[in-house]
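Here is the structure we will look at.
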Amino acid sequence: MKKIRTLLAFEGRRMLTSKSTLIYVIIYFISYIISVIFFQLYGSDGSVLTEASAQSFPIQHLQAGILFTGTFIAIYVAQITRQERTQSTIKLILLRPVSRLQYYISKILSIAFFSMLLTLIQITVGYLVGMLFFGWHGTLVFGDIVTSGLTGVGITFLSGVAFAFAYFAFGMLMMLLSEFLPRLIDCAAVGIVILLIGQYAEVLPSIRPYVLVHQMLFFHQDIFEMSAVYNLRSAIVILAYCLACSFAGYYVFRHEDLSV
Amino acid sequence: MHAQLKFELQKLKFQSIYRMILLLSLLSSFGILIRSVVAKAPLTSIIVTDGGIFRIIFWFVCGYVICGIFSEDYHDKTMKAVLPLSQSRGIYLGAKVLIATVYCVFAFLIFFLTKDLAGCLLYNDAGVDLISGILFPIVGALSGIFVIVCLAAAVITLTENEAITAGVVFGAIILMMILENISIIASFVPTYWINSFYNSPARTGMLFPVSIILLIAVFLLLLATRVFCKKDLYT
């Protein structure tokens, strides 16, 4: 456990201090500014924003960021898996008394932290842009929910946890696929293809609850609007993706020849 | 320049993914035609309804190709081995810019021309105007691709980081896709130039903003070349 913690602490530091994280913050910031322009020009009909308040801003923008967040997770996963292999730094880590299982677990946890970090960035930047352009106002409107104060902030963060959970499963899927893809850019491209094609599952109501992209789009919203049974099924679907991809990914990684 | 270009072309030739992308362009083109025949709808209306998604895919493919071409030497750590092939570092970067732009335009041409030429053969009413229907969209695609290429060249040179380059390029493409939905500025967004160059009145009003964007792109490229020529790449 101590070794996993050491590896994780290193990844965490790299994640928090890397230039890529700063770039992601800037990109989210620009996209939220564009969203404000949309709202000013077309009102709530032509924008994802239905309520002009900082309280509602982040939660209403989580879903709209699917392409950004999905792409950034795919890039991050490729960065911590493929780049270590092409730069041969993985050998340095595995030369130390660290098993492949410990190494793999540390990567899984890193992806979980990165999913949470991206969600936190989106929520924080959302509050910031909302405050800059609309002021706090205090009313949170999200689907059928209308609330205010700390309850609204709590709902935003709860929704963020559900959002991060679905994106963590996507990260696990990308981690499995990255075992078969030679370059970072290939992983990013495959991630985008999955996100684009996966959205077409929305036209098939019978299969869409089992499609990960559907859960990435709606799970954070469904937890407030759908029945407990429906949400339990969605959570099991996401968990199944996480477990299946983790085990399959570890199986491939364990049998991979890393000595060459 | 000639040797460097030949070397880059050889790389494209041997990497199967680049052949697959061209094949995919051809299949997409035929896909639109087949859908037009099956739906018994005019080709132009199918292009309007389905063309949007193909344009989005096209720009992501461009992002992938451009990032791949620019970052491969950083990724494979082959920069030190490749640089002596060129007479200067500027030629190395110039060859990359040229090859990435030409390849993406070529992929666009395969999709665009096959669809129109086969459409002309299938339908009598599918005749297209050579200047506004073919030449201007190609110029629009070329200019848009050049902007993305310059952005990628600047980012990879300044950061030497593949992940940041991919993040910035794909992030910029997604942001431009979002900006296309604001009708006032849609015509000035580089990813929309394929469409907006088609419309002649808008084109005349676009000359100034398009020139400004292209100038910024050239400035980024010059900056990238300057930084790249002075960079210590031997560590």
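Labels for the structure tokens follow display order: chains A, B, ..., residues from 1 in each chain, ligands from 1.
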
Interface, chain B side, toward chain A (9 Å; only C-alpha atoms) as a ChimeraX atom specification: /B:57,60-61,63-65,67-68,71-72,75-77,159,161-168,170-172,174-175,178-179,181-182

Keeping only C-alpha atoms, write the selected residues to a file as an mmCIF file, in the first residue's frame.
```
data_model
loop_
_atom_site.group_PDB
_atom_site.id
_atom_site.type_symbol
_atom_site.label_atom_id
_atom_site.label_comp_id
_atom_site.auth_asym_id
_atom_site.auth_seq_id
_atom_site.Cartn_x
_atom_site.Cartn_y
_atom_site.Cartn_z
ATOM 1 C CA ILE B 57 -15.211 14.193 -38.466
ATOM 2 C CA PHE B 60 -10.936 15.733 -36.012
ATOM 3 C CA VAL B 61 -9.127 13.618 -38.601
ATOM 4 C CA GLY B 63 -6.262 17.294 -35.906
ATOM 5 C CA TYR B 64 -5.121 13.695 -35.593
ATOM 6 C CA VAL B 65 -2.982 13.817 -38.763
ATOM 7 C CA CYS B 67 -0.599 16.247 -34.325
ATOM 8 C CA GLY B 68 0.747 12.892 -35.532
ATOM 9 C CA SER B 71 4.792 15.155 -32.675
ATOM 10 C CA GLU B 72 6.160 11.860 -33.988
ATOM 11 C CA HIS B 75 7.291 10.894 -29.337
ATOM 12 C CA ASP B 76 9.819 8.463 -30.846
ATOM 13 C CA LYS B 77 12.820 10.513 -29.640
ATOM 14 C CA THR B 159 6.247 23.036 -25.312
ATOM 15 C CA ASN B 161 4.986 18.065 -25.290
ATOM 16 C CA GLU B 162 2.769 15.734 -27.308
ATOM 17 C CA ALA B 163 -0.058 15.765 -24.743
ATOM 18 C CA ILE B 164 -0.268 19.567 -24.664
ATOM 19 C CA THR B 165 -0.207 19.734 -28.469
ATOM 20 C CA ALA B 166 -3.040 17.201 -28.744
ATOM 21 C CA GLY B 167 -4.997 19.015 -26.011
ATOM 22 C CA VAL B 168 -4.598 22.438 -27.633
ATOM 23 C CA PHE B 170 -8.394 19.180 -30.316
ATOM 24 C CA GLY B 171 -9.517 21.803 -27.797
ATOM 25 C CA ALA B 172 -9.211 24.531 -30.459
ATOM 26 C CA ILE B 174 -13.983 21.790 -30.473
ATOM 27 C CA LEU B 175 -14.062 25.490 -29.515
ATOM 28 C CA ILE B 178 -18.981 25.668 -30.839
ATOM 29 C CA LEU B 179 -18.253 29.144 -32.245
ATOM 30 C CA ASN B 181 -23.145 28.119 -33.936
ATOM 31 C CA ILE B 182 -22.987 31.890 -33.365
#
```

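Taking segment 28-149 of chain A and asking which residues DSSP calls strand (DSSP E or B) on the backbone, you get Thr139, Leu140, Val141, Phe142, Ile145, Val146, Thr147 and Ser148 of chain A.
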
Would you save the residues of that selection, restricted to all heavy atoms, as a compact mmCIF listing (two decimals), in the first residue's frame?
```txt
# COMPACT_ATOMS: atom_id res chain seq x y z
N THR A 139 -30.17 31.08 -6.90
CA THR A 139 -31.13 30.03 -7.27
C THR A 139 -30.48 29.02 -8.22
O THR A 139 -29.93 29.40 -9.24
CB THR A 139 -32.37 30.64 -7.96
OG1 THR A 139 -32.78 31.75 -7.19
CG2 THR A 139 -33.49 29.63 -8.08
N LEU A 140 -30.59 27.75 -7.83
CA LEU A 140 -30.09 26.69 -8.70
C LEU A 140 -31.28 26.07 -9.42
O LEU A 140 -32.23 25.62 -8.79
CB LEU A 140 -29.35 25.62 -7.89
CG LEU A 140 -28.79 24.46 -8.72
CD1 LEU A 140 -27.37 24.16 -8.35
CD2 LEU A 140 -29.62 23.20 -8.55
N VAL A 141 -31.20 26.08 -10.76
CA VAL A 141 -32.23 25.43 -11.57
C VAL A 141 -31.55 24.35 -12.38
O VAL A 141 -30.65 24.63 -13.17
CB VAL A 141 -32.94 26.45 -12.51
CG1 VAL A 141 -34.02 25.76 -13.32
CG2 VAL A 141 -33.51 27.60 -11.71
N PHE A 142 -31.97 23.10 -12.14
CA PHE A 142 -31.36 21.99 -12.88
C PHE A 142 -32.44 20.94 -13.09
O PHE A 142 -32.84 20.24 -12.16
CB PHE A 142 -30.19 21.42 -12.07
CG PHE A 142 -29.43 20.35 -12.80
CD1 PHE A 142 -28.89 20.58 -14.06
CD2 PHE A 142 -29.23 19.10 -12.23
CE1 PHE A 142 -28.17 19.60 -14.72
CE2 PHE A 142 -28.51 18.12 -12.89
CZ PHE A 142 -27.98 18.38 -14.13
N ILE A 145 -35.27 20.45 -10.47
CA ILE A 145 -34.82 20.95 -9.16
C ILE A 145 -34.72 22.47 -9.16
O ILE A 145 -34.10 23.06 -10.05
CB ILE A 145 -33.43 20.36 -8.80
CG1 ILE A 145 -33.47 18.84 -8.81
CG2 ILE A 145 -32.93 20.87 -7.46
CD1 ILE A 145 -32.11 18.20 -8.71
N VAL A 146 -35.32 23.06 -8.18
CA VAL A 146 -35.14 24.51 -7.95
C VAL A 146 -34.82 24.68 -6.47
O VAL A 146 -35.63 24.35 -5.60
CB VAL A 146 -36.41 25.32 -8.31
CG1 VAL A 146 -36.17 26.81 -8.07
CG2 VAL A 146 -36.83 25.09 -9.74
N THR A 147 -33.62 25.12 -6.19
CA THR A 147 -33.20 25.27 -4.80
C THR A 147 -32.22 26.44 -4.69
O THR A 147 -31.90 27.08 -5.69
CB THR A 147 -32.60 23.95 -4.26
OG1 THR A 147 -32.31 24.11 -2.88
CG2 THR A 147 -31.34 23.55 -4.99
N SER A 148 -31.73 26.67 -3.50
CA SER A 148 -30.79 27.78 -3.33
C SER A 148 -29.83 27.51 -2.17
O SER A 148 -29.93 26.48 -1.50
CB SER A 148 -31.56 29.08 -3.08
OG SER A 148 -32.32 28.92 -1.89
```

Which residues are close to Val82 of chain B, i.e. within 12 Å by only C-alpha atoms, leaving aside same-chain residues fewer than 3 positions away? Reply as a PDB file with C-alpha atoms, in the first residue's frame.
```pdb
ATOM      1  CA  ALA B   3      15.119  15.305 -49.382  1.00  0.00           C
ATOM      2  CA  GLN B   4      13.122  16.164 -46.273  1.00  0.00           C
ATOM      3  CA  PHE B   7      11.519  11.394 -46.300  1.00  0.00           C
ATOM      4  CA  GLU B   8       8.200  12.662 -44.868  1.00  0.00           C
ATOM      5  CA  GLU B  72       6.160  11.860 -33.988  1.00  0.00           C
ATOM      6  CA  ASP B  73       9.827  12.834 -33.702  1.00  0.00           C
ATOM      7  CA  TYR B  74       9.266  14.045 -30.135  1.00  0.00           C
ATOM      8  CA  ASP B  76       9.819   8.463 -30.846  1.00  0.00           C
ATOM      9  CA  LYS B  77      12.820  10.513 -29.640  1.00  0.00           C
ATOM     10  CA  THR B  78      14.140  10.545 -33.212  1.00  0.00           C
ATOM     11  CA  MET B  79      14.645  14.301 -33.510  1.00  0.00           C
ATOM     12  CA  LEU B  85      18.801  15.060 -42.935  1.00  0.00           C
ATOM     13  CA  SER B  86      17.728  18.659 -43.514  1.00  0.00           C
ATOM     14  CA  GLN B  87      19.927  21.540 -44.607  1.00  0.00           C
ATOM     15  CA  SER B  88      18.413  23.663 -41.861  1.00  0.00           C
ATOM     16  CA  ARG B  89      15.891  23.376 -39.065  1.00  0.00           C
ATOM     17  CA  ILE B  91      13.485  23.371 -43.819  1.00  0.00           C
ATOM     18  CA  TYR B  92      12.616  20.537 -41.421  1.00  0.00           C
ATOM     19  CA  LEU B  93       9.681  22.517 -39.977  1.00  0.00           C
ATOM     20  CA  LEU B 233      17.464  19.715 -29.031  1.00  0.00           C
ATOM     21  CA  TYR B 234      20.534  17.659 -28.154  1.00  0.00           C
TER      22      TYR B 234
END
```

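Atom CA of Gly191 of chain A to atom CA of Glu179 of chain A spans 13.4 Å [interatomic distance, one decimal].
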
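Atom to atom, atom CA of Leu8 of chain A and atom CA of Ser106 of chain A stand 5.5 Å apart.
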
Sel. of alpha helix (DSSP H) residues, segment 49-218 of chain A, as a PyMOL selection string: chain A and resi 57-61+66-86+89-95+100-133+149-178+184-198+212-218

Selection: 10 Å around Tyr251 of chain A, only C-alpha atoms, excl. self and same-chain fewer than 5 positions, as an MDAnalysis selection string: chainID A and resid 101 176 245:246 256
